[in-house]
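With mmCIF, C-alpha atoms inside, this is coords23.cif:
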```
data_upload
#
loop_
_atom_site.label_atom_id
_atom_site.label_comp_id
_atom_site.auth_asym_id
_atom_site.auth_seq_id
_atom_site.Cartn_x
_atom_site.Cartn_y
_atom_site.Cartn_z
CA MET A 8 -82.66 33.02 86.82
CA ILE A 9 -80.49 33.71 89.89
CA TYR A 10 -80.32 30.00 90.53
CA ARG A 11 -79.06 29.42 86.96
CA ALA A 12 -76.41 32.17 87.34
CA ILE A 13 -75.14 30.56 90.55
CA ILE A 14 -74.79 27.20 88.80
CA ILE A 15 -72.89 28.79 85.88
CA PHE A 16 -70.62 30.68 88.31
CA ALA A 17 -69.93 27.54 90.34
CA PHE A 18 -69.16 25.55 87.19
CA ALA A 19 -66.83 28.29 85.87
CA SER A 20 -65.03 28.43 89.24
CA LEU A 21 -64.54 24.68 89.20
CA LEU A 22 -63.17 24.82 85.68
CA SER A 23 -60.76 27.64 86.48
CA CYS A 24 -59.52 25.74 89.55
CA SER A 25 -58.64 22.75 87.45
CA VAL A 26 -56.94 24.77 84.70
CA ASN A 27 -55.12 27.42 86.74
CA LYS A 28 -53.20 25.27 89.16
CA LYS A 29 -50.81 27.17 91.40
CA PRO A 30 -47.40 27.12 89.68
CA GLU A 31 -45.86 25.40 92.72
CA GLN A 32 -48.07 22.39 92.02
CA LYS A 33 -46.34 21.77 88.70
CA TYR A 34 -43.18 20.66 90.45
CA LEU A 35 -42.28 18.14 93.08
CA ARG A 36 -39.18 18.68 95.23
CA TRP A 37 -36.86 18.11 92.26
CA VAL A 38 -37.35 17.75 88.52
CA GLY A 39 -37.95 14.07 87.75
CA ASP A 40 -38.83 12.96 91.28
CA ILE A 41 -40.69 9.64 91.21
CA GLU A 42 -43.41 9.28 93.83
CA HIS A 43 -44.38 5.84 95.08
CA ASP A 44 -47.37 4.45 93.19
CA SER A 45 -48.63 1.25 94.75
CA SER A 46 -50.48 0.28 91.58
CA VAL A 47 -47.19 -0.18 89.68
CA ASP A 48 -44.48 -0.27 92.32
CA GLY A 49 -45.68 -2.88 94.78
CA ASN A 50 -44.56 -2.55 98.36
CA ASP A 51 -41.28 -4.48 98.49
CA PHE A 52 -38.92 -1.65 97.60
CA LYS A 53 -38.09 0.74 100.44
CA LEU A 54 -35.98 3.85 100.59
CA CYS A 55 -33.33 3.89 103.32
CA ASN A 56 -33.70 7.63 103.87
CA THR A 57 -36.57 10.08 103.38
CA GLU A 58 -38.22 10.99 100.09
CA ASN A 59 -36.57 14.41 100.38
CA ASP A 60 -33.11 12.90 100.47
CA VAL A 61 -32.95 10.90 97.22
CA ARG A 62 -29.92 12.03 95.18
CA GLN A 63 -29.02 11.89 91.50
CA TYR A 64 -26.37 9.32 90.51
CA PHE A 65 -23.93 12.03 89.44
CA ASN A 66 -24.16 13.93 92.75
CA MET A 67 -21.55 11.54 94.14
CA TYR A 68 -19.22 12.26 91.21
CA LYS A 69 -18.43 8.58 90.55
CA GLY A 70 -20.30 7.95 87.31
CA LEU A 71 -22.16 4.68 86.77
CA GLN A 72 -21.77 2.45 89.80
CA ILE A 73 -22.52 -1.16 88.87
CA GLU A 74 -20.56 -4.38 89.29
CA GLY A 75 -18.63 -5.04 86.07
CA GLU A 76 -19.05 -1.38 85.01
CA LYS A 77 -21.00 -0.32 81.95
CA LYS A 78 -19.53 -3.27 80.06
CA MET A 79 -21.78 -5.52 82.13
CA ILE A 80 -24.86 -3.50 81.14
CA LEU A 81 -23.90 -3.75 77.48
CA LYS A 82 -23.40 -7.52 77.77
CA HIS A 83 -26.75 -7.94 79.52
CA PHE A 84 -28.59 -6.27 76.66
CA ILE A 85 -26.50 -7.80 73.86
CA GLU A 86 -27.16 -11.28 75.25
CA ASN A 87 -30.81 -10.84 76.11
CA TYR A 88 -32.43 -8.25 73.84
CA GLN A 89 -34.22 -9.71 70.83
CA PRO A 90 -34.18 -7.13 68.00
CA VAL A 91 -37.61 -6.37 66.58
CA LYS A 92 -38.15 -6.03 62.83
CA THR A 93 -39.52 -2.51 62.48
CA LYS A 94 -38.60 0.88 61.12
CA GLU A 95 -39.13 2.48 64.54
CA SER A 96 -36.23 4.58 65.85
CA GLY A 97 -35.79 7.03 68.71
CA TRP A 98 -35.01 6.96 72.39
CA ILE A 99 -36.27 5.16 75.48
CA ARG A 100 -35.35 6.14 79.02
CA VAL A 101 -35.90 3.92 82.02
CA ARG A 102 -35.35 5.75 85.30
CA PHE A 103 -35.43 4.25 88.75
CA ILE A 104 -34.11 4.52 92.29
CA VAL A 105 -31.20 2.54 93.73
CA ASN A 106 -31.48 2.41 97.51
CA CYS A 107 -28.63 2.30 100.01
CA LYS A 108 -28.61 -1.52 99.84
CA GLY A 109 -28.25 -1.57 96.06
CA GLU A 110 -31.89 -2.63 95.56
CA THR A 111 -33.87 -1.02 92.75
CA GLY A 112 -37.45 0.17 92.44
CA ARG A 113 -39.93 2.76 91.09
CA PHE A 114 -39.08 2.12 87.45
CA ARG A 115 -40.56 4.61 84.97
CA MET A 116 -40.22 4.83 81.21
CA ILE A 117 -40.47 7.58 78.59
CA GLU A 118 -40.28 7.07 74.84
CA SER A 119 -39.75 9.34 71.83
CA ASP A 120 -39.20 9.16 68.10
CA GLU A 121 -35.94 10.26 66.45
CA ASN A 122 -37.11 13.90 66.62
CA TYR A 123 -37.54 13.73 70.41
CA GLN A 124 -41.33 13.76 70.04
CA GLU A 125 -43.10 11.66 72.64
CA ARG A 126 -44.61 8.47 71.24
CA THR A 127 -44.70 4.81 72.17
CA PHE A 128 -42.61 2.11 70.52
CA ASP A 129 -43.91 -1.28 69.50
CA SER A 130 -44.48 -2.91 72.88
CA LYS A 131 -42.19 -5.81 71.88
CA ILE A 132 -39.36 -3.24 72.08
CA SER A 133 -40.40 -1.20 75.11
CA LYS A 134 -41.47 -4.16 77.26
CA GLN A 135 -38.15 -5.89 76.65
CA ILE A 136 -36.15 -2.77 77.47
CA PHE A 137 -38.19 -2.17 80.61
CA GLN A 138 -37.98 -5.76 81.87
CA LEU A 139 -34.28 -6.14 81.04
CA THR A 140 -33.50 -2.92 82.90
CA LYS A 141 -35.48 -4.17 85.89
CA SER A 142 -33.60 -7.45 85.87
CA LEU A 143 -30.15 -5.79 85.92
CA GLN A 144 -28.32 -6.78 89.08
CA GLY A 145 -25.24 -5.35 90.73
CA TRP A 146 -26.09 -1.69 91.27
CA LYS A 147 -23.70 -0.46 93.92
CA PRO A 148 -24.85 1.35 97.04
CA GLN A 149 -23.32 4.83 97.20
CA LYS A 150 -22.25 7.10 99.99
CA ASP A 151 -22.24 10.87 100.04
CA ASP A 152 -20.05 12.54 102.60
CA GLY A 153 -19.95 9.27 104.55
CA LYS A 154 -23.71 8.79 104.54
CA SER A 155 -25.38 5.87 102.71
CA VAL A 156 -27.81 7.34 100.21
CA ASP A 157 -30.65 6.43 97.85
CA TYR A 158 -30.18 7.76 94.33
CA TYR A 159 -31.88 8.11 90.95
CA GLN A 160 -30.28 6.25 88.07
CA TYR A 161 -31.37 6.07 84.46
CA LEU A 162 -30.49 4.25 81.28
CA VAL A 163 -31.21 5.84 77.91
CA PHE A 164 -31.45 3.54 74.88
CA LYS A 165 -30.93 4.85 71.39
CA ILE A 166 -33.10 2.61 69.21
CA SER A 167 -32.43 2.30 65.52
CA ASN A 168 -34.90 0.28 63.42
CA GLY A 169 -35.82 -1.88 66.41
CA ASN A 170 -32.19 -2.51 67.45
CA ILE A 171 -30.39 -1.03 70.44
CA GLU A 172 -27.73 1.22 68.90
CA LYS A 173 -26.37 2.80 72.07
CA ILE A 174 -26.93 2.77 75.80
CA MET A 175 -26.28 5.88 77.87
CA PRO A 176 -25.06 7.37 80.17
CA MET J 30 -39.84 22.26 105.66
CA LYS J 31 -36.43 23.68 104.90
CA LEU J 32 -34.11 21.33 103.07
CA ILE J 33 -30.44 21.22 103.96
CA LEU J 34 -28.50 20.46 100.81
CA PRO J 35 -25.67 17.95 101.03
CA LEU J 36 -22.15 19.07 100.16
CA SER J 37 -22.09 17.23 96.82
CA ILE J 38 -25.15 19.12 95.64
CA ILE J 39 -23.83 22.44 96.87
CA LEU J 40 -20.65 21.76 94.88
CA SER J 41 -22.57 20.90 91.73
CA LEU J 42 -24.66 24.01 92.26
CA HIS J 43 -21.55 26.17 92.26
CA LEU J 44 -20.12 24.29 89.32
CA SER J 45 -23.27 24.70 87.25
CA THR J 46 -23.44 28.39 88.07
CA ALA J 47 -19.82 28.87 87.07
CA LEU J 48 -20.22 27.02 83.79
CA PHE J 49 -23.58 28.42 83.02
CA GLY J 50 -23.19 32.16 83.49
CA GLN J 51 -26.22 34.30 84.10
CA PRO J 52 -26.52 37.00 81.41
CA ASN J 53 -25.68 40.57 82.33
CA CYS J 54 -29.12 42.08 82.84
CA ASN J 55 -27.87 45.63 82.33
CA TRP J 56 -27.00 44.76 78.76
CA PHE J 57 -30.72 44.40 78.00
CA LYS J 58 -31.39 47.69 79.75
CA TYR J 59 -28.80 49.50 77.65
CA GLN J 60 -30.34 47.94 74.57
CA GLY J 61 -33.65 49.47 75.66
CA ASP J 62 -35.27 46.03 75.98
CA MET J 63 -36.95 46.58 79.34
CA LYS J 64 -39.06 43.42 79.15
CA LYS J 65 -35.96 41.26 78.84
CA TYR J 66 -34.27 43.33 81.52
CA GLU J 67 -37.15 42.56 83.92
CA ALA J 68 -37.16 38.90 82.89
CA CYS J 69 -33.43 38.73 83.42
CA LEU J 70 -33.73 40.23 86.91
CA ALA J 71 -36.47 37.71 87.73
CA SER J 72 -34.25 34.85 86.53
CA GLU J 73 -31.52 35.95 88.94
CA LYS J 74 -33.74 34.70 91.75
CA CYS J 75 -32.79 31.13 90.81
CA ALA J 76 -29.27 31.84 92.11
CA GLY J 77 -28.44 29.75 95.15
CA HIS J 78 -31.03 27.08 94.33
CA TYR J 79 -30.15 23.66 92.95
CA GLN J 80 -31.04 23.46 89.26
CA PHE J 81 -33.32 20.45 89.89
CA SER J 82 -35.28 22.26 92.59
CA LYS J 83 -38.79 23.65 92.45
CA GLU J 84 -37.50 27.08 93.51
CA TYR J 85 -35.00 27.21 90.64
CA GLN J 86 -37.57 26.16 88.06
CA LEU J 87 -40.22 28.57 89.39
CA ALA J 88 -37.87 31.55 89.25
CA LEU J 89 -37.22 30.81 85.60
CA ASP J 90 -40.93 30.24 84.88
CA ASN J 91 -41.52 33.67 86.34
CA ALA J 92 -38.90 35.14 83.99
CA ILE J 93 -40.61 33.44 81.03
CA ASP J 94 -43.98 34.84 82.16
CA ILE J 95 -42.44 38.32 81.95
CA ASP J 96 -40.84 37.77 78.56
CA SER J 97 -41.60 34.53 76.76
CA SER J 98 -38.72 35.13 74.33
CA PHE J 99 -36.03 35.24 77.05
CA ALA J 100 -33.90 32.37 75.73
CA TYR J 101 -31.61 32.00 78.75
CA ALA J 102 -34.50 30.92 81.00
CA TYR J 103 -35.41 27.99 78.72
CA ARG J 104 -31.80 26.88 78.53
CA ALA J 105 -31.27 27.11 82.28
CA LYS J 106 -34.50 25.18 82.90
CA SER J 107 -33.48 22.47 80.44
CA THR J 108 -30.38 21.32 82.32
CA ALA J 109 -32.18 19.38 85.06
CA TYR J 110 -34.20 17.54 82.43
CA LEU J 111 -31.03 16.77 80.50
CA LYS J 112 -29.26 15.39 83.56
CA SER J 113 -32.23 13.23 84.46
CA GLY J 114 -32.29 11.80 80.94
CA ASP J 115 -35.64 13.38 80.02
CA PHE J 116 -34.78 14.00 76.38
CA ILE J 117 -38.36 15.02 75.52
CA SER J 118 -38.64 17.96 77.95
CA TRP J 119 -34.98 18.90 77.48
CA LYS J 120 -35.26 19.10 73.71
CA ARG J 121 -38.52 21.06 73.85
CA LEU J 122 -36.92 23.66 76.13
CA MET J 123 -33.70 23.86 74.14
CA ASP J 124 -35.57 24.18 70.85
CA THR J 125 -37.30 27.22 72.32
CA ALA J 126 -33.99 28.66 73.54
CA VAL J 127 -32.51 28.16 70.05
CA LYS J 128 -35.60 29.67 68.43
CA TYR J 129 -35.12 32.91 70.39
CA ASN J 130 -31.32 33.00 70.33
CA ALA J 131 -29.66 30.49 68.04
CA SER J 132 -26.08 31.72 68.17
CA ASP J 133 -25.92 31.57 71.99
CA ASN J 134 -27.62 28.19 72.36
CA LEU J 135 -26.72 25.96 69.45
CA ASP J 136 -23.39 25.10 71.08
CA TYR J 137 -25.11 23.66 74.15
CA ARG J 138 -27.86 21.88 72.23
CA GLY J 139 -25.41 20.41 69.73
CA TRP J 140 -22.93 19.28 72.35
CA CYS J 141 -25.59 17.71 74.58
CA ARG J 142 -27.16 15.85 71.66
CA PHE J 143 -23.76 14.27 71.19
CA GLN J 144 -22.75 13.78 74.81
CA PHE J 145 -26.02 12.64 76.37
CA PHE J 146 -27.98 11.04 73.55
CA ARG J 147 -25.41 10.06 70.91
CA ASP J 148 -27.54 11.92 68.38
CA TYR J 149 -24.63 12.29 65.97
CA GLN J 150 -26.52 13.71 63.00
CA GLY J 151 -28.44 16.15 65.21
CA ALA J 152 -25.18 17.36 66.76
CA ILE J 153 -23.55 17.71 63.33
CA ASP J 154 -26.49 19.79 62.09
CA ASP J 155 -26.35 22.08 65.15
CA ILE J 156 -22.58 22.57 65.10
CA LEU J 157 -22.48 23.23 61.36
CA LEU J 158 -25.28 25.77 61.67
CA LEU J 159 -23.44 27.42 64.56
CA LYS J 160 -20.25 27.60 62.48
CA LYS J 161 -22.22 29.32 59.75
CA LEU J 162 -23.84 31.81 62.15
CA THR J 163 -20.61 32.66 63.98
CA ASN J 164 -18.15 32.59 61.11
CA ASN J 165 -16.51 29.47 62.58
CA ARG J 166 -16.04 30.87 66.08
CA ILE J 167 -17.69 27.99 67.91
CA GLY J 168 -15.70 27.44 71.09
CA TYR J 169 -15.73 24.54 73.54
CA SER J 170 -18.24 22.11 75.02
CA ILE J 171 -20.02 23.15 78.22
CA ASN J 172 -17.71 20.89 80.28
CA SER J 173 -14.66 22.45 78.53
CA ASP J 174 -13.20 19.02 77.69
CA TYR J 175 -13.73 19.28 73.94
CA HIS J 176 -13.57 21.92 71.25
CA LEU J 177 -16.78 21.65 69.25
CA ASP J 178 -14.75 20.99 66.07
CA ILE J 179 -13.41 17.87 67.81
CA ALA J 180 -16.95 16.91 68.84
CA LEU J 181 -17.93 17.36 65.19
CA SER J 182 -15.08 15.09 64.16
CA LEU J 183 -16.16 12.40 66.64
CA CYS J 184 -19.72 12.59 65.30
CA TYR J 185 -18.46 11.95 61.76
CA LYS J 186 -16.39 9.04 63.02
CA SER J 187 -19.47 7.63 64.75
CA ILE J 188 -21.55 7.73 61.57
CA GLY J 189 -18.86 5.85 59.68
CA GLN J 190 -16.83 8.67 58.12
CA PRO J 191 -13.36 8.29 59.71
CA GLU J 192 -11.53 10.08 56.89
CA LYS J 193 -13.70 13.15 57.30
CA ALA J 194 -13.18 12.92 61.07
CA ILE J 195 -9.39 12.86 60.63
CA GLU J 196 -9.52 15.77 58.19
CA ILE J 197 -11.39 17.92 60.73
CA PHE J 198 -9.00 16.85 63.49
CA LEU J 199 -5.88 17.70 61.49
CA GLU J 200 -7.27 21.05 60.42
CA LYS J 201 -7.88 21.89 64.07
CA MET J 202 -4.42 20.69 65.12
CA SER J 203 -2.82 22.87 62.47
CA ASP J 204 -4.31 25.97 64.08
CA SER J 205 -1.48 27.44 66.16
CA THR J 206 -3.93 29.16 68.51
CA TYR J 207 -5.67 25.90 69.41
CA SER J 208 -5.00 24.27 72.79
CA PRO J 209 -5.77 20.55 72.43
CA GLY J 210 -8.34 19.06 74.80
CA LEU J 211 -7.69 16.49 77.50
CA PHE J 212 -8.43 13.48 75.30
CA ASP J 213 -7.86 14.79 71.76
CA PHE J 214 -4.82 12.67 70.97
CA ILE J 215 -6.44 9.47 72.25
CA HIS J 216 -9.26 9.99 69.76
CA LEU J 217 -6.93 10.88 66.92
CA GLY J 218 -4.69 7.88 67.66
CA VAL J 219 -7.73 5.58 67.76
CA LEU J 220 -8.99 6.98 64.46
CA TYR J 221 -5.68 6.05 62.81
CA LEU J 222 -5.71 2.65 64.52
CA GLU J 223 -9.18 2.01 63.13
CA ILE J 224 -8.16 2.81 59.56
CA GLY J 225 -5.05 0.66 59.95
CA ASP J 226 -2.41 3.41 59.91
CA TYR J 227 -0.46 2.06 62.90
CA LYS J 228 2.48 4.40 62.54
CA LYS J 229 0.28 7.47 62.86
CA ALA J 230 -1.69 5.80 65.65
CA ILE J 231 1.50 5.35 67.70
CA GLU J 232 2.61 8.90 66.88
CA TYR J 233 -0.56 10.48 68.29
CA LEU J 234 -0.92 8.09 71.21
CA ASN J 235 2.63 9.05 72.17
CA ILE J 236 1.64 12.71 72.18
CA GLN J 237 -1.24 11.84 74.50
CA GLU J 238 1.20 9.94 76.71
CA SER J 239 3.44 12.98 77.04
CA THR J 240 0.58 15.34 77.92
CA ASN J 241 -2.07 13.33 79.78
CA ASP J 242 -1.03 9.69 80.15
CA LEU J 243 -4.11 7.53 80.80
CA ALA J 244 -5.22 3.90 80.74
CA GLU J 245 -6.94 4.51 77.39
CA ASN J 246 -3.95 5.71 75.35
CA ARG J 247 -1.87 2.84 76.76
CA PHE J 248 -4.59 0.34 75.93
CA TYR J 249 -4.92 1.48 72.32
CA LYS J 250 -1.15 1.62 71.99
CA ALA J 251 -1.02 -2.01 73.14
CA ILE J 252 -3.59 -2.97 70.49
CA THR J 253 -1.59 -1.12 67.85
CA TYR J 254 1.55 -3.01 68.89
CA ARG J 255 -0.39 -6.28 68.70
CA HIS J 256 -1.19 -5.44 65.08
CA LEU J 257 2.49 -4.68 64.57
CA LYS J 258 3.34 -8.04 66.21
CA ASP J 259 5.51 -6.33 68.81
CA LYS J 260 4.87 -8.43 71.90
CA GLU J 261 7.24 -6.57 74.19
CA ASN J 262 5.56 -3.19 73.66
CA TRP J 263 2.12 -4.79 73.66
CA GLU J 264 2.76 -6.25 77.09
CA LEU J 265 4.40 -3.12 78.46
CA ASN J 266 1.54 -0.84 77.44
CA LEU J 267 -1.20 -3.25 78.46
CA ASN J 268 0.34 -3.63 81.91
CA LYS J 269 0.56 0.16 82.20
CA SER J 270 -3.03 0.45 81.09
CA LYS J 271 -4.19 -1.99 83.76
CA ALA J 272 -2.17 -0.25 86.48
CA TYR J 273 -3.48 3.16 85.44
CA TYR J 274 -7.04 1.88 85.28
CA LYS J 275 -6.84 0.47 88.77
CA SER J 276 -5.45 3.74 90.10
CA ASN J 277 -8.24 5.74 88.37
CA LYS J 278 -5.97 7.32 85.76
CA LYS J 279 -8.61 6.96 83.08
CA MET J 280 -11.16 8.92 81.10
CA PHE J 281 -13.94 10.14 83.33
CA ASP J 282 -17.03 12.28 83.19
CA PRO J 283 -19.55 12.27 86.04
CA TYR J 284 -22.58 12.35 83.73
CA THR J 285 -21.77 10.23 80.70
CA GLU J 286 -19.11 7.87 79.35
CA GLN J 287 -16.93 9.24 76.58
CA ILE J 288 -16.21 7.82 73.15
CA ASP J 289 -13.13 5.51 73.26
CA LYS J 290 -13.44 5.02 77.02
CA ILE J 291 -12.38 1.54 78.10
CA TYR J 292 -13.30 -0.76 80.99
CA LEU J 293 -11.27 -3.20 83.03
CA GLU J 294 -12.97 -6.05 81.19
CA ASP J 295 -11.58 -4.69 77.89
CA ILE J 296 -8.05 -4.86 79.27
CA LEU J 297 -8.55 -8.41 80.56
CA GLU J 298 -10.04 -9.52 77.24
CA GLU J 299 -7.09 -7.97 75.39
CA GLU J 300 -4.71 -9.81 77.71
CA LYS J 301 -6.38 -13.09 76.81
CA SER J 302 -6.62 -12.51 73.09
CA GLY J 303 -3.07 -11.15 72.90
CA LEU J 304 -1.68 -14.19 74.64
CA GLN J 305 -3.50 -16.45 72.20
CA GLN J 306 -2.21 -14.43 69.22
CA PRO J 307 1.11 -15.54 67.71
CA PHE J 308 3.50 -12.57 67.96
CA GLY J 309 5.98 -12.98 65.16
CA GLY J 310 8.75 -10.77 66.54
CA LYS J 311 9.02 -6.97 66.27
CA GLY J 312 6.82 -5.13 63.82
CA LYS J 313 7.44 -3.73 60.40
#
```

Full structure transcribed into structure tokens:
Amino acid sequence: MIYRAIIIFAFASLLSCSVNKKPEQKYLRWVGDIEHDSSVDGNDFKLCNTENDVRQYFNMYKGLQIEGEKKMILKHFIENYQPVKTKESGWIRVRFIVNCKGETGRFRMIESDENYQERTFDSKISKQIFQLTKSLQGWKPQKDDGKSVDYYQYLVFKISNGNIEKIMP
Amino acid sequence: MKLILPLSIILSLHLSTALFGQPNCNWFKYQGDMKKYEACLASEKCAGHYQFSKEYQLALDNAIDIDSSFAYAYRAKSTAYLKSGDFISWKRLMDTAVKYNASDNLDYRGWCRFQFFRDYQGAIDDILLLKKLTNNRIGYSINSDYHLDIALSLCYKSIGQPEKAIEIFLEKMSDSTYSPGLFDFIHLGVLYLEIGDYKKAIEYLNIQESTNDLAENRFYKAITYRHLKDKENWELNLNKSKAYYKSNKKMFDPYTEQIDKIYLEDILEEEKSGLQQPFGGKGK
């Protein structure tokens, strides 16, 4: 009987540990931080500074920093994206890091419907968006207060019936 | 390990605090709502922390634990998600803020749907509801660049209703108490250009020129003069536009790119197409 009680207690403790994580564990250093994951990121992309020093693109107050400006991004997608016949609409965000050499890595994607509810698009849409974002060249290295920095950048795609309607920011 | 924040982040921290005022906790106390008062005091602990940081988010989580209907905490938490493009988490948090206090939060949700996600219909719905709740006293966008009536107008333009957009614009301009925003007359001029009323387009782009002369108003003026077959003014304004663009006298927002913003490539393309176009002397 005592033995059984100990097992139940141990099981309950285990369960409560997994459910009641310390609140601190919910967050990384900053909202949206992307940790290296060797299963998807490979090992080629390196940060120039430490993990704790990756900025957001707008921290440098220069807006989008890419050769040819946003116009070049629009052209890249207009020329290469193949619209998909579907009624699916919503948003896709691809977020990544640009390092101090202008190299990109750690790409991550989120997808939602037109009511901002998480869901996946037809993979013919999302795979294209993801790969075309990865293949974008010309991200400019940025400096902050004279120091070369790594920074997070994202592109948000407003998808309307399988077409790209808008690209932000 | 203690993090030393770089100057740019410290500046944005101050900016966000200034734009995003903490509520006066004593107000809740005087209302006799002690739970919200406690939650409000707890939320004050996010002061001095960057809005993306764990410490900032945890202080607000703590406030929500005290009073789950404390709308400000959801709104304040949402900003980091917004700025990182996480529309799913941002919208979930802002929906909760609106649920608990619609009249104080619809302005932010509506504006951000327009500015960050080009969700025109969503922004229209939010701004119209806010107008209804506040008897038309809707105020400005969080970055202060636009009155929300002008944002509403730009949303209508973007869903293909330029006449309605112009109507809203003109109604706003006729209000003697209204101070036009930084880019209002560019947008109004472009609206007239797009419906082919070149005279009005020039009229409003000239007003922009006299108040906040930028590459954009010059660019659209050049296009208008091309339609009017006035080569001299086309060239003059396009050259000005290029010079202004190169010296950074152009529309700018650190987070997003505004409606009617132009790029250097647009100016160069216009140069090419204008030179190929036969200008038949001065316009009508």

Residue with smallest distance to Ile99 (chain A) - pool A:Tyr158, A:Tyr123, A:Phe52, A:Trp37, counting all atoms listed in the file: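 When distances to Ile99 (chain A) are compared using all atoms listed in the file, the smallest one comes from A:Tyr123.
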
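For the file at hand, the PyMOL selection byres ((chain J) within 6 of (chain A)) resolves to Ser37, Phe81, Ser82, Lys83, Ile117, Pro283, Tyr284 and Thr285 of chain J.
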
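With only C-alpha atoms taken into account, the protein and nucleic acid residues at most 12 Å from Glu196 (chain J) (excluding it and anything under 2 positions from it in its own chain) are Asp178, Ile179, Leu181, Ser182, Leu183, Tyr185, Lys186, Gln190, Pro191, Glu192, Lys193, Ala194, Phe198, Leu199, Glu200, Lys201, Met202, Ser203, Leu217, Leu220 and Tyr221 of chain J.
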
Length of the CA of Tyr227 (chain J) to CA of Asp259 (chain J) vector [Å]: 11.9 Å

Point-to-point distance from CA of Lys120 (chain J) to CA of Ser107 (chain J), Å rounded to tenths: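 Computed distance, CA of Lys120 (chain J) to CA of Ser107 (chain J), equals 7.7 Å.
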
The PyMOL selection byres ((chain J and resi 250) around 8) resolved against shown file, as a VMD selection string: chain J and resid 230 to 231 234 246 to 249 251 to 254 263 266

Close residues, region 132-137 of chain A itself excluded, 9 Å, all atoms listed in the file, min 3 positions apart in chain, as number ranges by chain: A: 84, 87-91, 99-101, 114-116, 118, 127-129, 140-142, 164, 169-170

Could you spell out the hits of the PyMOL selection byres ((chain J and resi 53) around 10) on the shown file, as a compact mmCIF listing (two decimals) with C-alpha atoms, in the coordinates of the input?
```txt
# COMPACT_ATOMS: atom_id res chain seq x y z
CA GLY J 50 -23.19 32.16 83.49
CA GLN J 51 -26.22 34.30 84.10
CA PRO J 52 -26.52 37.00 81.41
CA CYS J 54 -29.12 42.08 82.84
CA ASN J 55 -27.87 45.63 82.33
CA TRP J 56 -27.00 44.76 78.76
CA PHE J 57 -30.72 44.40 78.00
CA LYS J 58 -31.39 47.69 79.75
CA TYR J 66 -34.27 43.33 81.52
CA CYS J 69 -33.43 38.73 83.42
CA LEU J 70 -33.73 40.23 86.91
CA GLU J 73 -31.52 35.95 88.94
```

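The residue that comes closest to Tyr85 (chain J), out of J:Lys278, J:Lys106, J:Lys228, J:Lys161 and on the basis of all atoms listed in the file, is J:Lys106.
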